[in-house]
Amino acid sequence: MSEGSAGDPGHGSSRQRAVHPENLSLGSSCFSPPVNFLQELPSYRSVARRRTNILSLDKQSGTLLKPTDSFSPQLDGGITENLSSQSIRKYALNISEKRRLRDIQETQMKYLSEWDQWKRYSSKSWKRFLEKAREMTTHLELWRKDIRSIEGKFGTGIQSYFSFLRFLVVLNLVIFLIIFMLVLLPIILTKYKITNSTFVLIPFKDMDIQCTLYPISSSGLIYFYSYIIDLLSGTGFLEETRLFYGHYTIDGVKFQNFTYDLPLAYLISTIAYLALSLLWIVKRSVEGFKINLIRSEEHFQSYCNKIFAGWDFCITNRSMAELKHSSLRYELRADLEEERIRQKIAERTSEETIRIYSLRLFLNCIVLAVLAACFYAIYLATTFSQEHMKKEIDKMVFGENLLILYLPSIVITLANFITPIIFAKIIHYEDYSPGFEIRLTILRCVFMRLATICVLVFTLGSKITSCGDSTCELCGYNQKLYPCWETQVGQEMYKLMIFDFIIILAVTLFVDFPRKLLVTYCASSKLIQCWGQQEFAIPDNVLGIVYGQTICWIGAFFSPLLPAIATLKFVIIFYVKELSLLYTCRPSPRQFRASNSNFFFLLVLLIGLCLAIIPLTISMARLIMFYFIALAGAHKRVVVQLREQLSLESRDKRYLIQKLTEAQREVRSQPASA
């Protein structure tokens, strides 16, 4: 060993011999042990196993390639008839092998018939056309340049947030177009005499007239600030527009050859946008799930991927490169911490296990108590607001009226701000791994944000169906206080959306920008430096826009123009968040991988859609229920009237029979007397 390493003169020239082609056989023996060693790594074995499975499936489907060795890929096996350019392009092969496959493919083409050659060439031409079309459509993508610039400066994690925001803009625009085409367009065409059509109003013969009246309140003299209140709360002049459910009072539009059933179209539009949202989200979620499934890895392979393949080559900014370095160090520390916790769990005694599970049970009881307190506060705020908002505007000052109108929204916003802080403090005592801590905290915050909307809707439902001393048998709900309860729910959803938008703008303008100025120009203050610059936390921002989208899904049935407002809101939020990211915030050190982020965003959005469907389905069923209750009451009154009519008719018959009998007696008595 020492002789070969120190005294052998050929040892120093072995590297030179390995360079020359004629001495390649001598040098190759020097490099074979490292290759064999690399082939023994678990990460290499895992990749080879996956490649074997993929290529085996392709072999079954009729493609050319078979499982081969990664370092010396060879084509064992014949050429199949279904070889295409797509099957070559999708494999991770070097250029020479792809050229070889293409030459084989061109040689194979000579032995095909003219019809088969034409089909092959037409298939290639069609695929090239589709590829060119996709390239052209990418240039038409919304905010393509802005999102790519964000990706280059801040990485794929933050870029995925803005891509997700763009998806919500497109989704809300499509939802608005569905509602516009099915509901609004026929009304506009008829109202402005664009088509030869007329409105159809069906009289409610079997329903009490009180259940169909919707009186518009008038306050007499209107002050200037009343318009501001109406604009922020959806009352007053906005209540009479197409923004809310109560405006749609016609039953159909009669064209030349058919009658368009508007209530049915209204219901179909709601089902259509919910089904479209579900299918679209599921489709995108499945794509992200496939990527996450492919990226599922062992612990040792996770370390290798982070060290050798963890760099984001989209980053071009130096500060972001340093942040990416710190993010990789954080991930490695988190992996080591998780490994330490797994080892600690394996070494726990039964007494320690009982203690930690008892502590977790106690802390989860605290979490449930916090949630219950927030829900009860929302219930009280909604009840107080509904009881006092019926007072006349001229009897209130400007601030008092606005506070009462927005009291539920204010309480919900405070709950969404306070509870994540409490959850973050509690999670530290539950002794979970760092990754599970983040996921559990986010899950609790998701449930909190979305459940608050459901609590608000159910509280409104309980107030609507509560009649107090009077009875609800006439219409099935409190028709005196809520002549059109659907409009009332739509106004609450409208206020939630407007208030959420105001909060986002206010935090950016009056918190983030001043904080950036203080950190920049007051660097000597230790307190300000400890406070630090605002982080652009991806999970918090995602929860905010999912919260707004859930409001849109619930409120679109009660306020058909709410998707258009949501579209405009998300467009403004995109530019506000972009400016905030560029000038006031710094990216969070806990960065998200793009594939994981996209799947996580869509999963949270899917949870929001499912929670939105629950109160919306209950509300729609209760609309339907109120209709049948009112219809049953009207039928009951008709039955009573018919019974009274039958009773009167029977009396009339007895009276007529009595008169007829008397007349017959008089006729019979006259001849006898004569």
# chains A, B, ... in the order shown; residues from 1 in each chain; ligands from 1
call {"tool": "residues_around", "arguments": {"residues": "Phe162 of chain A", "least_positions_apart": "3", "cutoff": "12 Å", "atoms": "only C-alpha atoms", "output": "PyMOL selection string"}}
result
chain A and resi 142-151+154-159+165-169+538+541-542+545+570-571+573-578+581+594+597-598+601
call {"tool": "closest_residue", "arguments": {"among": "A:Thr419, A:Ser233, A:Ser125, A:Gln479", "to": "Ala372 of chain A", "atoms": "only C-alpha atoms"}}
result
A:Thr419
call {"tool": "residues_around", "arguments": {"residues": "segment 429-434 of chain A", "least_positions_apart": "3", "cutoff": "7 Å", "atoms": "only C-alpha atoms", "output": "PDB file with C-alpha atoms, in the first residue's frame"}}
result
ATOM      1  CA  ALA A 334     -35.381  20.269  10.712  1.00  0.00           C
ATOM      2  CA  GLU A 338     -37.229  15.081  13.278  1.00  0.00           C
ATOM      3  CA  ILE A 341     -37.576  13.186  17.879  1.00  0.00           C
ATOM      4  CA  ARG A 360     -51.607  16.856  24.395  1.00  0.00           C
ATOM      5  CA  ILE A 426     -49.625  25.957  22.326  1.00  0.00           C
ATOM      6  CA  GLU A 437     -45.977  21.432  14.012  1.00  0.00           C
ATOM      7  CA  ILE A 438     -46.309  23.560  10.877  1.00  0.00           C
TER       8      ILE A 438
END
